[in-house]
Amino acid sequence: MRILVLISLLAVAYACTQQGTAQPDVAAAHLPEATNDTAAAMPPPVAEAEAAPVADPTPEFSIEYIMGKFDPAQHPDFVVVDKKYADKEGYFLRKDTYEHFVQMADAAKADGITLTIVSATRNFERQRAIWEGKWTGSRLIENGANAAKKYPNPKTRALKILEYSSMPGSSRHHWGTDVDINDLDNYTFEQGPGKKVYAWMVKHAHEYGFCQPYSVKGESRSSGYNEEKWHWSYIPVAKKLTDLAARSMTDDMIGGFKGAETAVEIGVVEKYVLGINQACL
Ligand SMILES: [Zn+2]
């Protein structure tokens, strides 16, 4: 009998405890109705305080976009380049970039200068085909060498290919903001008609938002690809993507192709993605 009474008392005590713990919850549920003065005196909820600094000012772009992991033919911001501005059919550019390129090419034409796109958007898969061709030796590199045979050391081989070609995931050609014009050879732009083309671009490209990111190394930038007088970038959009790369991209994100293991050792993001003409920023 005594045991039964004890059990009953314990049960009542337990029920009271439960009620007791429930009360603060009910009170807490009413806290949002507190006056503004009360609310202002309270510290902000932890979740909000932590979320604010990581909010991205350019949410229209993602790391996937920066790394070219999309199909420009399916992307709503991209258009096909008209054959009259290119050496062949089938190039894609961002609409904003293309609109300004057309204005620039038409203005150049009026001055007797022809700007012809010879490469535009290349996504990750396209860049992988180029890079792996050079890595395995099925495509010769710019000095005419079979890199696989001439540079057996992986880091040396990667650095040699990186003189002119990006690792997949780290190319500005992924972005739809960058074009190669007329010829992939600096010499073309240093004499004859090409010299006039380059002089026109240096004088006028900025009026349409374009800049040469791979300028002479050592003057306007300390690292990265060799100079490319043919590569031009639409800065109003490319700057946002460069800023996002600086904030969010790391070497260990670069992968999924032959030779990718050298990316961290080389420091591809810092030296190549961000190794651009400072006047373009
Ligand atoms: Zn290029």
# chains A, B, ... in the order shown; residues from 1 in each chain; ligands from 1
$ residues_around --residues "region 68-72 of chain A" --least-positions-apart "2" --cutoff "10 Å" --atoms "only C-alpha atoms" --output "MDAnalysis selection string"
chainID A and resid 62:66 74:80 91:94 121:127 168:176
$ residues_near_ligand --ligand "ligand 1" --cutoff "10 Å" --atoms "only C-alpha atoms and all ligand atoms" --output "PyMOL selection string"
chain A and resi 118-122+164-166+171-173+178-181+184+212-214+228-233
$ closest_residue --among "A:Glu163, A:Asp87, A:Glu227, A:Ser220" --to "Val268 (chain A)" --atoms "only C-alpha atoms"
A:Glu163
$ closest_residue --among "A:Ile235, A:Ala158, A:Met201, A:Leu244" --to "Leu281 (chain A)" --atoms "only C-alpha atoms"
A:Ile235
$ select_by_dssp --residues "region 156-210 of chain A" --states "alpha helix (DSSP H)" --output "MDAnalysis selection string"
chainID A and resid 156:161 192:204
$ residues_around --residues "Lys84 (chain A)" --least-positions-apart "6" --cutoff "10 Å" --atoms "only C-alpha atoms" --output "PyMOL selection string"
chain A and resi 115-117
$ closest_atom_pairs --of "region 180-232 of chain A" --to "region 271-280 of chain A" --cutoff "7 Å" --atoms "only C-alpha atoms" --output "CSV"
residue,atom,partner,partner_atom,distance
A:Cys211,CA,A:Cys280,CA,5.7
A:Pro213,CA,A:Asn277,CA,4.8
A:Tyr214,CA,A:Ile276,CA,5.7
A:Ser215,CA,A:Asn277,CA,5.8
A:Ser220,CA,A:Asn277,CA,5.2
A:Arg221,CA,A:Asn277,CA,5.3
A:Ser222,CA,A:Gly275,CA,6.8
A:Ser223,CA,A:Gly275,CA,5.1
A:Gly224,CA,A:Tyr272,CA,4.2
A:Tyr225,CA,A:Tyr272,CA,6.5
$ write_last_selection --atoms "N, CA and C atoms" --output "short mmCIF file (atom, residue, chain, number, x, y, z; two decimals), in the first residue's frame"
data_model
loop_
_atom_site.label_atom_id
_atom_site.label_comp_id
_atom_site.auth_asym_id
_atom_site.auth_seq_id
_atom_site.Cartn_x
_atom_site.Cartn_y
_atom_site.Cartn_z
N CYS A 211 38.56 44.25 -72.36
CA CYS A 211 39.92 44.45 -71.85
C CYS A 211 40.73 43.19 -72.17
N PRO A 213 42.92 40.55 -70.76
CA PRO A 213 43.34 40.07 -69.42
C PRO A 213 44.76 39.50 -69.39
N TYR A 214 45.19 38.91 -70.51
CA TYR A 214 46.53 38.32 -70.54
C TYR A 214 47.47 39.26 -71.29
N SER A 215 47.81 40.32 -70.59
CA SER A 215 48.72 41.34 -71.12
C SER A 215 50.16 40.87 -70.91
N SER A 220 51.88 44.45 -66.00
CA SER A 220 50.59 44.68 -65.35
C SER A 220 50.13 43.50 -64.52
N ARG A 221 50.92 42.42 -64.51
CA ARG A 221 50.56 41.24 -63.70
C ARG A 221 51.83 40.42 -63.48
N SER A 222 51.86 39.64 -62.38
CA SER A 222 53.09 38.94 -62.03
C SER A 222 53.07 37.46 -62.38
N SER A 223 51.89 36.92 -62.70
CA SER A 223 51.84 35.48 -62.95
C SER A 223 50.77 35.17 -63.99
N GLY A 224 50.67 33.89 -64.37
CA GLY A 224 49.60 33.46 -65.26
C GLY A 224 50.06 33.06 -66.65
N TYR A 225 49.12 33.01 -67.56
CA TYR A 225 49.40 32.60 -68.94
C TYR A 225 50.32 33.61 -69.61
#
$ closest_residue --among "A:Val216, A:Met167, A:Ala145, A:Arg247" --to "Ile130 (chain A)" --atoms "only C-alpha atoms"
A:Met167
$ residues_around --residues "region 96-105 of chain A" --least-positions-apart "6" --cutoff "6 Å" --atoms "only C-alpha atoms" --output "ChimeraX atom specification"
/A:115,177,208,234
$ write_last_selection --atoms "C-alpha atoms" --output "mmCIF file, in the first residue's frame"
data_model
loop_
_atom_site.group_PDB
_atom_site.id
_atom_site.type_symbol
_atom_site.label_atom_id
_atom_site.label_comp_id
_atom_site.auth_asym_id
_atom_site.auth_seq_id
_atom_site.Cartn_x
_atom_site.Cartn_y
_atom_site.Cartn_z
ATOM 1 C CA LEU A 115 37.166 41.549 -85.769
ATOM 2 C CA THR A 177 32.408 36.786 -71.425
ATOM 3 C CA TYR A 208 32.606 48.708 -75.264
ATOM 4 C CA TYR A 234 33.799 41.703 -71.364
#
$ select_by_dssp --residues "region 42-171 of chain A" --states "strand (DSSP E)" --output "list in words"
Phe78, Val79, Val80, Phe92, Leu93, Arg94, Ile117, Val118 and Ser119 of chain A
$ write_last_selection --atoms "N, CA and C atoms" --output "PDB file, in the first residue's frame"
ATOM      1  N   PHE A  78      22.561  32.772 -72.806  1.00  0.00           N
ATOM      2  CA  PHE A  78      23.494  32.652 -73.932  1.00  0.00           C
ATOM      3  C   PHE A  78      22.788  32.718 -75.284  1.00  0.00           C
ATOM      4  N   VAL A  79      23.515  33.222 -76.286  1.00  0.00           N
ATOM      5  CA  VAL A  79      23.001  33.257 -77.668  1.00  0.00           C
ATOM      6  C   VAL A  79      24.068  32.708 -78.625  1.00  0.00           C
ATOM      7  N   VAL A  80      23.599  32.320 -79.811  1.00  0.00           N
ATOM      8  CA  VAL A  80      24.527  31.858 -80.845  1.00  0.00           C
ATOM      9  C   VAL A  80      25.122  33.079 -81.536  1.00  0.00           C
ATOM     10  N   PHE A  92      28.951  30.252 -78.938  1.00  0.00           N
ATOM     11  CA  PHE A  92      27.993  30.859 -78.007  1.00  0.00           C
ATOM     12  C   PHE A  92      28.686  31.922 -77.173  1.00  0.00           C
ATOM     13  N   LEU A  93      27.902  32.979 -76.843  1.00  0.00           N
ATOM     14  CA  LEU A  93      28.373  33.991 -75.890  1.00  0.00           C
ATOM     15  C   LEU A  93      27.209  34.381 -74.998  1.00  0.00           C
ATOM     16  N   ARG A  94      27.510  34.985 -73.877  1.00  0.00           N
ATOM     17  CA  ARG A  94      26.445  35.587 -73.076  1.00  0.00           C
ATOM     18  C   ARG A  94      25.796  36.701 -73.917  1.00  0.00           C
ATOM     19  N   ILE A 117      35.551  36.442 -84.504  1.00  0.00           N
ATOM     20  CA  ILE A 117      35.664  35.533 -83.356  1.00  0.00           C
ATOM     21  C   ILE A 117      36.182  34.176 -83.835  1.00  0.00           C
ATOM     22  N   VAL A 118      37.273  33.709 -83.210  1.00  0.00           N
ATOM     23  CA  VAL A 118      37.797  32.380 -83.567  1.00  0.00           C
ATOM     24  C   VAL A 118      37.675  31.403 -82.403  1.00  0.00           C
ATOM     25  N   SER A 119      37.213  31.884 -81.251  1.00  0.00           N
ATOM     26  CA  SER A 119      36.821  31.008 -80.141  1.00  0.00           C
ATOM     27  C   SER A 119      36.010  31.849 -79.155  1.00  0.00           C
TER      28      SER A 119
END
$ atom_distance --atom1 "CA of Trp135 (chain A)" --atom2 "CA of Ala148 (chain A)"
5.9 Å
$ atom_distance --atom1 "CA of Asp251 (chain A)" --atom2 "CA of Ala263 (chain A)"
5.9 Å
